[in-house]
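S.K.: So here's my_file-v6.csv (CSV, C-alpha atoms).
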```
chain,number,residue,atom,x,y,z
A,1,MET,CA,-10.6,-11.2,-11.3
A,2,ARG,CA,-6.9,-10.9,-10.4
A,3,LEU,CA,-5.7,-8.7,-7.6
A,4,TYR,CA,-2.4,-8.5,-5.7
A,5,LEU,CA,-2.5,-5.9,-2.9
A,6,ALA,CA,0.6,-5.6,-0.7
A,7,SER,CA,1.6,-3.5,2.2
A,8,TRP,CA,5.3,-3.1,1.3
A,9,ARG,CA,6.6,-3.5,-2.2
A,10,THR,CA,5.9,-6.9,-3.6
A,11,GLY,CA,5.3,-8.6,-0.2
A,12,ASP,CA,6.2,-12.2,0.4
A,13,SER,CA,4.1,-13.8,-2.3
A,14,PHE,CA,5.9,-12.4,-5.4
A,15,ALA,CA,5.6,-15.6,-7.5
A,16,GLU,CA,1.9,-15.2,-7.5
A,17,LEU,CA,2.2,-11.7,-8.9
A,18,VAL,CA,4.3,-13.0,-11.8
A,19,ARG,CA,1.8,-15.7,-12.5
A,20,MET,CA,-1.0,-13.2,-12.7
A,21,ALA,CA,0.9,-11.4,-15.5
A,22,GLY,CA,1.7,-14.6,-17.3
A,23,PRO,CA,5.0,-15.7,-18.9
A,24,GLY,CA,6.6,-12.6,-20.4
A,25,GLY,CA,3.5,-10.6,-19.5
A,26,ARG,CA,3.4,-6.9,-20.2
A,27,ALA,CA,3.4,-5.0,-16.9
A,28,GLY,CA,2.7,-1.2,-16.6
A,29,VAL,CA,4.3,0.3,-13.6
A,30,ILE,CA,2.3,3.3,-12.3
A,31,SER,CA,4.5,5.5,-10.1
A,32,ASN,CA,2.4,8.7,-10.0
A,33,ALA,CA,2.1,8.4,-6.2
A,34,VAL,CA,5.6,9.9,-5.9
A,35,ASP,CA,5.2,12.7,-8.5
A,36,PHE,CA,5.5,15.2,-5.7
A,37,ILE,CA,9.2,14.1,-5.2
A,38,PRO,CA,11.7,16.0,-7.3
A,39,PRO,CA,12.8,14.0,-10.4
A,40,ASP,CA,16.5,13.9,-9.4
A,41,GLU,CA,15.6,12.4,-6.0
A,42,ARG,CA,13.4,9.9,-7.6
A,43,GLU,CA,16.1,8.8,-10.0
A,44,ALA,CA,18.6,8.5,-7.1
A,45,TYR,CA,16.2,6.3,-5.2
A,46,ARG,CA,15.6,4.2,-8.3
A,47,ARG,CA,19.3,3.6,-8.8
A,48,LYS,CA,20.4,3.1,-5.2
A,49,VAL,CA,17.4,1.7,-3.4
A,50,HIS,CA,14.5,0.2,-5.4
A,51,ASP,CA,13.6,0.1,-9.1
A,52,PRO,CA,10.2,-1.6,-9.5
A,53,ILE,CA,10.5,-1.9,-13.3
A,54,ALA,CA,13.9,-3.6,-13.0
A,55,GLU,CA,12.5,-5.9,-10.3
A,56,LEU,CA,9.6,-7.1,-12.6
A,57,ARG,CA,11.9,-7.4,-15.5
A,58,ALA,CA,14.3,-9.6,-13.5
A,59,HIS,CA,11.4,-12.0,-13.1
A,60,GLY,CA,10.7,-12.3,-16.8
A,61,LEU,CA,8.0,-9.6,-17.2
A,62,ASP,CA,7.9,-7.0,-19.9
A,63,ALA,CA,7.7,-4.1,-17.5
A,64,TYR,CA,7.4,-0.5,-18.6
A,65,ASP,CA,6.7,2.9,-17.1
A,66,LEU,CA,2.9,3.7,-17.3
A,67,ASP,CA,2.9,7.4,-16.5
A,68,LEU,CA,-0.7,8.4,-16.1
A,69,ARG,CA,0.2,12.1,-16.6
A,70,ALA,CA,0.8,11.3,-20.3
A,71,TYR,CA,-2.9,10.4,-20.5
A,72,PHE,CA,-4.5,13.3,-18.7
A,73,ARG,CA,-7.6,14.2,-20.7
A,74,ARG,CA,-6.7,11.4,-23.1
A,75,PRO,CA,-8.8,8.4,-21.9
A,76,GLN,CA,-9.1,6.7,-25.3
A,77,ALA,CA,-5.3,6.6,-25.6
A,78,LEU,CA,-5.1,5.1,-22.1
A,79,LEU,CA,-7.7,2.5,-22.9
A,80,ALA,CA,-5.7,1.4,-26.0
A,81,GLU,CA,-2.6,1.1,-23.7
A,82,LEU,CA,-4.4,-0.9,-21.0
A,83,GLU,CA,-5.8,-3.3,-23.6
A,84,ARG,CA,-2.2,-4.1,-24.5
A,85,THR,CA,-1.2,-4.7,-20.9
A,86,ASN,CA,-1.6,-7.8,-18.7
A,87,LEU,CA,-0.8,-6.3,-15.3
A,88,VAL,CA,-0.7,-2.8,-13.8
A,89,TRP,CA,1.5,-2.4,-10.8
A,90,ALA,CA,0.9,0.8,-8.7
A,91,THR,CA,3.6,1.8,-6.3
A,92,GLY,CA,3.6,3.4,-2.9
A,93,GLY,CA,3.7,7.1,-2.2
A,94,ASN,CA,0.8,9.5,-1.6
A,95,ALA,CA,-2.5,7.7,-2.1
A,96,PHE,CA,-4.3,11.0,-2.8
A,97,LEU,CA,-1.9,12.1,-5.5
A,98,LEU,CA,-2.2,8.6,-7.2
A,99,ARG,CA,-6.0,8.8,-7.0
A,100,ARG,CA,-5.9,12.2,-8.7
A,101,ALA,CA,-3.8,10.8,-11.5
A,102,MET,CA,-6.3,7.9,-11.9
A,103,ARG,CA,-9.2,10.4,-12.1
A,104,GLN,CA,-7.5,12.9,-14.5
A,105,SER,CA,-6.4,10.1,-16.9
A,106,GLY,CA,-9.7,8.3,-16.9
A,107,PHE,CA,-8.0,5.2,-15.4
A,108,ASP,CA,-10.7,5.0,-12.7
A,109,ALA,CA,-13.4,4.8,-15.3
A,110,LEU,CA,-11.6,2.3,-17.6
A,111,ALA,CA,-9.5,-0.1,-15.5
A,112,PRO,CA,-12.1,-1.5,-13.1
A,113,GLY,CA,-14.2,-2.9,-16.0
A,114,LEU,CA,-11.1,-4.6,-17.5
A,115,VAL,CA,-10.2,-6.0,-14.1
A,116,TRP,CA,-13.7,-7.4,-13.4
A,117,ALA,CA,-13.8,-8.9,-16.9
A,118,GLY,CA,-10.5,-10.7,-16.3
A,119,ARG,CA,-8.7,-8.8,-19.1
A,120,LEU,CA,-6.3,-6.9,-16.7
A,121,ALA,CA,-4.7,-7.8,-13.4
A,122,TYR,CA,-4.4,-5.0,-10.8
A,123,GLY,CA,-1.6,-5.0,-8.3
A,124,GLY,CA,-0.2,-2.3,-6.0
A,125,TRP,CA,1.5,-1.7,-2.7
A,126,SER,CA,0.8,0.8,0.0
A,127,ALA,CA,-0.8,3.7,-1.8
A,128,GLY,CA,-1.3,1.5,-4.9
A,129,ALA,CA,-3.2,-1.0,-2.7
A,130,CYS,CA,-5.2,1.7,-0.8
A,131,VAL,CA,-6.8,3.1,-3.9
A,132,ALA,CA,-8.3,-0.3,-4.7
A,133,GLY,CA,-10.8,0.0,-1.9
A,134,PRO,CA,-14.1,2.0,-1.9
A,135,THR,CA,-12.8,5.0,0.1
A,136,LEU,CA,-9.7,6.9,1.2
A,137,ARG,CA,-11.5,8.3,4.3
A,138,GLY,CA,-9.2,7.8,7.3
A,139,LEU,CA,-6.1,7.5,5.1
A,140,ASP,CA,-5.6,11.2,5.5
A,141,LEU,CA,-4.1,10.3,8.9
A,142,MET,CA,-1.3,8.6,6.9
A,143,ASP,CA,-1.1,10.7,3.7
A,144,ASP,CA,-1.6,14.4,3.2
A,145,PRO,CA,-4.6,15.0,0.8
A,146,ALA,CA,-3.2,18.4,-0.1
A,147,VAL,CA,0.0,17.2,-1.6
A,148,LEU,CA,0.2,18.2,-5.3
A,149,ALA,CA,2.5,18.1,-8.3
A,150,GLU,CA,2.5,20.1,-11.5
A,151,GLY,CA,-0.6,19.5,-13.6
A,152,TYR,CA,-2.7,18.0,-10.8
A,153,ALA,CA,-6.2,19.2,-9.8
A,154,PRO,CA,-6.3,20.7,-6.3
A,155,GLU,CA,-9.4,18.9,-5.1
A,156,PRO,CA,-8.7,15.4,-3.5
A,157,VAL,CA,-10.7,12.4,-4.7
A,158,TRP,CA,-12.0,10.5,-1.7
A,159,GLU,CA,-13.6,7.5,-3.5
A,160,GLY,CA,-11.4,4.5,-4.3
A,161,LEU,CA,-11.6,2.3,-7.3
A,162,GLY,CA,-14.0,-0.1,-5.6
A,163,LEU,CA,-12.2,-3.2,-6.6
A,164,ILE,CA,-12.7,-4.6,-3.1
A,165,ASP,CA,-15.3,-4.0,-0.5
A,166,GLY,CA,-13.2,-2.6,2.3
A,167,ALA,CA,-10.5,0.0,2.8
A,168,ILE,CA,-6.8,-1.1,3.2
A,169,VAL,CA,-4.5,0.2,5.9
A,170,PRO,CA,-0.9,-0.7,5.1
A,171,HIS,CA,2.2,-0.8,7.4
A,172,TRP,CA,0.1,-1.7,10.4
A,173,ARG,CA,2.2,-2.8,13.4
A,174,SER,CA,5.2,-3.1,11.2
A,175,ASP,CA,8.8,-1.8,11.3
A,176,HIS,CA,7.9,1.1,9.1
A,177,PRO,CA,7.9,4.9,9.7
A,178,GLU,CA,4.1,5.1,9.1
A,179,SER,CA,3.2,2.3,11.5
A,180,GLU,CA,1.9,4.7,14.2
A,181,ALA,CA,-0.2,6.6,11.6
A,182,ALA,CA,-1.5,3.3,10.4
A,183,GLU,CA,-2.7,2.4,13.9
A,184,ALA,CA,-4.5,5.8,14.1
A,185,ALA,CA,-6.1,5.3,10.7
A,186,ALA,CA,-7.3,1.8,11.6
A,187,ALA,CA,-8.7,3.1,14.9
A,188,TRP,CA,-10.5,6.0,13.1
A,189,MET,CA,-12.1,3.6,10.6
A,190,THR,CA,-13.2,1.3,13.4
A,191,ALA,CA,-14.8,4.2,15.2
A,192,ASN,CA,-16.5,5.4,12.1
A,193,ARG,CA,-17.7,2.0,11.0
A,194,ILE,CA,-15.7,1.9,7.8
A,195,PRO,CA,-15.0,-1.7,6.8
A,196,HIS,CA,-11.2,-2.2,6.4
A,197,ARG,CA,-8.3,-4.6,6.5
A,198,THR,CA,-5.0,-4.0,8.2
A,199,LEU,CA,-1.9,-5.3,6.5
A,200,ARG,CA,1.5,-5.8,8.0
A,201,ASP,CA,4.5,-5.4,5.8
A,202,GLY,CA,5.0,-8.7,4.0
A,203,ASP,CA,1.2,-9.4,3.9
A,204,VAL,CA,-0.6,-9.6,0.6
A,205,LEU,CA,-4.3,-9.7,-0.3
A,206,ILE,CA,-4.6,-11.9,-3.4
A,207,GLN,CA,-7.6,-12.7,-5.5
A,208,THR,CA,-7.5,-15.0,-8.5
A,209,GLY,CA,-11.2,-16.0,-8.6
A,210,GLU,CA,-14.2,-15.2,-6.4
A,211,THR,CA,-12.5,-14.7,-3.0
A,212,LEU,CA,-9.9,-12.2,-1.7
A,213,ASP,CA,-7.5,-14.1,0.6
A,214,LEU,CA,-4.8,-12.9,3.0
A,215,HIS,CA,-1.4,-14.3,2.4
A,216,ALA,CA,0.4,-13.5,5.6
A,217,GLY,CA,4.0,-12.4,5.5
A,218,ARG,CA,6.9,-14.4,6.8
A,219,ALA,CA,7.8,-12.0,9.5
```
What is this structure when it is put down as structure tokens?
M.R.:
Amino acid sequence: MRLYLASWRTGDSFAELVRMAGPGGRAGVISNAVDFIPPDEREAYRRKVHDPIAELRAHGLDAYDLDLRAYFRRPQALLAELERTNLVWATGGNAFLLRRAMRQSGFDALAPGLVWAGRLAYGGWSAGACVAGPTLRGLDLMDDPAVLAEGYAPEPVWEGLGLIDGAIVPHWRSDHPESEAAEAAAAWMTANRIPHRTLRDGDVLIQTGETLDLHAGRA
């Protein structure tokens, strides 16, 4: 089982992410967590601030845009795509919107089995990391569950993918605009006895075998 779950972008253990995909590995970048942002703003951000596909390509991976909207109600087509992919990398944004995309495309029914079988590596940051846990309860203090985009079902999905046995709270005690909300989310989970892990920006949870280990960031 190969997991790479970061608080902010690729975190401080990027070489391990590249190794998970393998030399020249095919990496599908899932950016549906930001589908609520207008396309022109997304494109400007990609050009001026951060382009995850370009970042992965710069490190030798065959990265491409895996837009789950193209597979809504087409799970068999998505399965064929995932079987040709070495790594999926889910970006930050709104965790509830991303989770809807995973439900409506069938990703949540298909990908976990491939990950557990060692046929697919799963990575993600912020929202992309949060959906790997068993639940999104408490994360509504960070992300609005009501955020929608065209083609998305109105009801939020509160269950995570269940790839790990505790929730993830990103941006905890970090220099990030959501740090205060992360503190509140972690406190709520503690009060409601929801197992969880807090991640500072730079931290990464990595699993390449039986155990999930924290690789602390340099900051």
S.K.: Mind pulling up the distance from atom CA of A:Ala127 to atom CA of A:Asn32?
M.R.: 10.1 Å
S.K.: When distances are computed from only C-alpha atoms, which of A:Arg57, A:Trp8, A:Leu3, A:Arg47 shows the smallest separation from A:Pro112?
M.R.: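 Using only C-alpha atoms, the shortest distance to A:Pro112 belongs to A:Leu3.
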S.K.: Atom CA of A:Gln104 to atom CA of A:Ala132: how many Å, to one decimal?
M.R.: 16.5 Å
S.K.: In Å to one decimal, how far is atom CA of A:Val169 from atom CA of A:Arg2?
M.R.: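 Computing the Euclidean distance for atom CA of A:Arg2 and atom CA of A:Val169 yields 19.9 Å.
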S.K.: Please determine, counting all atoms listed in the file, which residue among A:Leu79, A:Leu66, A:Trp89, A:Pro195 has the shortest atom-to-atom distance to A:Pro52.
M.R.: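 Ranking A:Leu79, A:Leu66, A:Trp89, A:Pro195 by distance to A:Pro52, first place goes to A:Trp89.
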S.K.: Can you list every residue of stretch 62-171 of chain A that has an atom at most 12 Å from stretch 201-210 of chain A, with its nearest atom pair and the distance in Å to one decimal, using only C-alpha atoms, ordered by chain then number, as a Markdown table?
M.R.:
```
| residue | atom | partner | partner_atom | distance |
| --- | --- | --- | --- | --- |
| A:Val115 | CA | A:Thr208 | CA | 10.9 |
| A:Trp116 | CA | A:Gly209 | CA | 10.2 |
| A:Ala117 | CA | A:Gly209 | CA | 11.2 |
| A:Gly118 | CA | A:Gly209 | CA | 9.4 |
| A:Leu120 | CA | A:Thr208 | CA | 11.6 |
| A:Ala121 | CA | A:Thr208 | CA | 9.1 |
| A:Tyr122 | CA | A:Gln207 | CA | 9.9 |
| A:Gly123 | CA | A:Ile206 | CA | 9.0 |
| A:Gly124 | CA | A:Val204 | CA | 9.8 |
| A:Trp125 | CA | A:Val204 | CA | 8.8 |
| A:Ser126 | CA | A:Asp201 | CA | 9.3 |
| A:Ala129 | CA | A:Leu205 | CA | 9.1 |
| A:Cys130 | CA | A:Leu205 | CA | 11.4 |
| A:Ala132 | CA | A:Leu205 | CA | 11.1 |
| A:Gly133 | CA | A:Leu205 | CA | 11.8 |
| A:Leu163 | CA | A:Gln207 | CA | 10.6 |
| A:Ile164 | CA | A:Gln207 | CA | 9.9 |
| A:Gly166 | CA | A:Leu205 | CA | 11.7 |
| A:Ala167 | CA | A:Leu205 | CA | 11.9 |
| A:Ile168 | CA | A:Leu205 | CA | 9.6 |
| A:Val169 | CA | A:Asp201 | CA | 10.6 |
| A:Pro170 | CA | A:Asp201 | CA | 7.2 |
| A:His171 | CA | A:Asp201 | CA | 5.4 |
```
S.K.: Using only C-alpha atoms, please write the residues we just selected to a file, as a JSON list (two decimals), in the frame of the given file.
M.R.:
```
[["chain", "number", "residue", "atom", "x", "y", "z"],
["A", 115, "VAL", "CA", -10.20, -6.00, -14.10],
["A", 116, "TRP", "CA", -13.70, -7.40, -13.40],
["A", 117, "ALA", "CA", -13.80, -8.90, -16.90],
["A", 118, "GLY", "CA", -10.50, -10.70, -16.30],
["A", 120, "LEU", "CA", -6.30, -6.90, -16.70],
["A", 121, "ALA", "CA", -4.70, -7.80, -13.40],
["A", 122, "TYR", "CA", -4.40, -5.00, -10.80],
["A", 123, "GLY", "CA", -1.60, -5.00, -8.30],
["A", 124, "GLY", "CA", -0.20, -2.30, -6.00],
["A", 125, "TRP", "CA", 1.50, -1.70, -2.70],
["A", 126, "SER", "CA", 0.80, 0.80, 0.00],
["A", 129, "ALA", "CA", -3.20, -1.00, -2.70],
["A", 130, "CYS", "CA", -5.20, 1.70, -0.80],
["A", 132, "ALA", "CA", -8.30, -0.30, -4.70],
["A", 133, "GLY", "CA", -10.80, 0.00, -1.90],
["A", 163, "LEU", "CA", -12.20, -3.20, -6.60],
["A", 164, "ILE", "CA", -12.70, -4.60, -3.10],
["A", 166, "GLY", "CA", -13.20, -2.60, 2.30],
["A", 167, "ALA", "CA", -10.50, 0.00, 2.80],
["A", 168, "ILE", "CA", -6.80, -1.10, 3.20],
["A", 169, "VAL", "CA", -4.50, 0.20, 5.90],
["A", 170, "PRO", "CA", -0.90, -0.70, 5.10],
["A", 171, "HIS", "CA", 2.20, -0.80, 7.40]]
```
S.K.: Closest to A:Ala95 among A:Arg137, A:His176, A:Arg200, A:Arg69, using all atoms listed in the file?
M.R.: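 Using all atoms listed in the file, the shortest distance to A:Ala95 belongs to A:Arg137.
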S.K.: Compare A:Ala146, A:Gly92, A:Val29, A:Gly138 by their minimum atom-to-atom distance to A:Ala187, counting all atoms listed in the file, and give me the closest one.
M.R.: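 Using all atoms listed in the file, A:Ala187 sits closest to A:Gly138.
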S.K.: Have a look at A:Leu139, A:Leu97, A:Leu214, A:Leu87 and name the one nearest to A:Leu114; count only C-alpha atoms.
M.R.: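 Ranked by minimum distance to A:Leu114, first place goes to A:Leu87.
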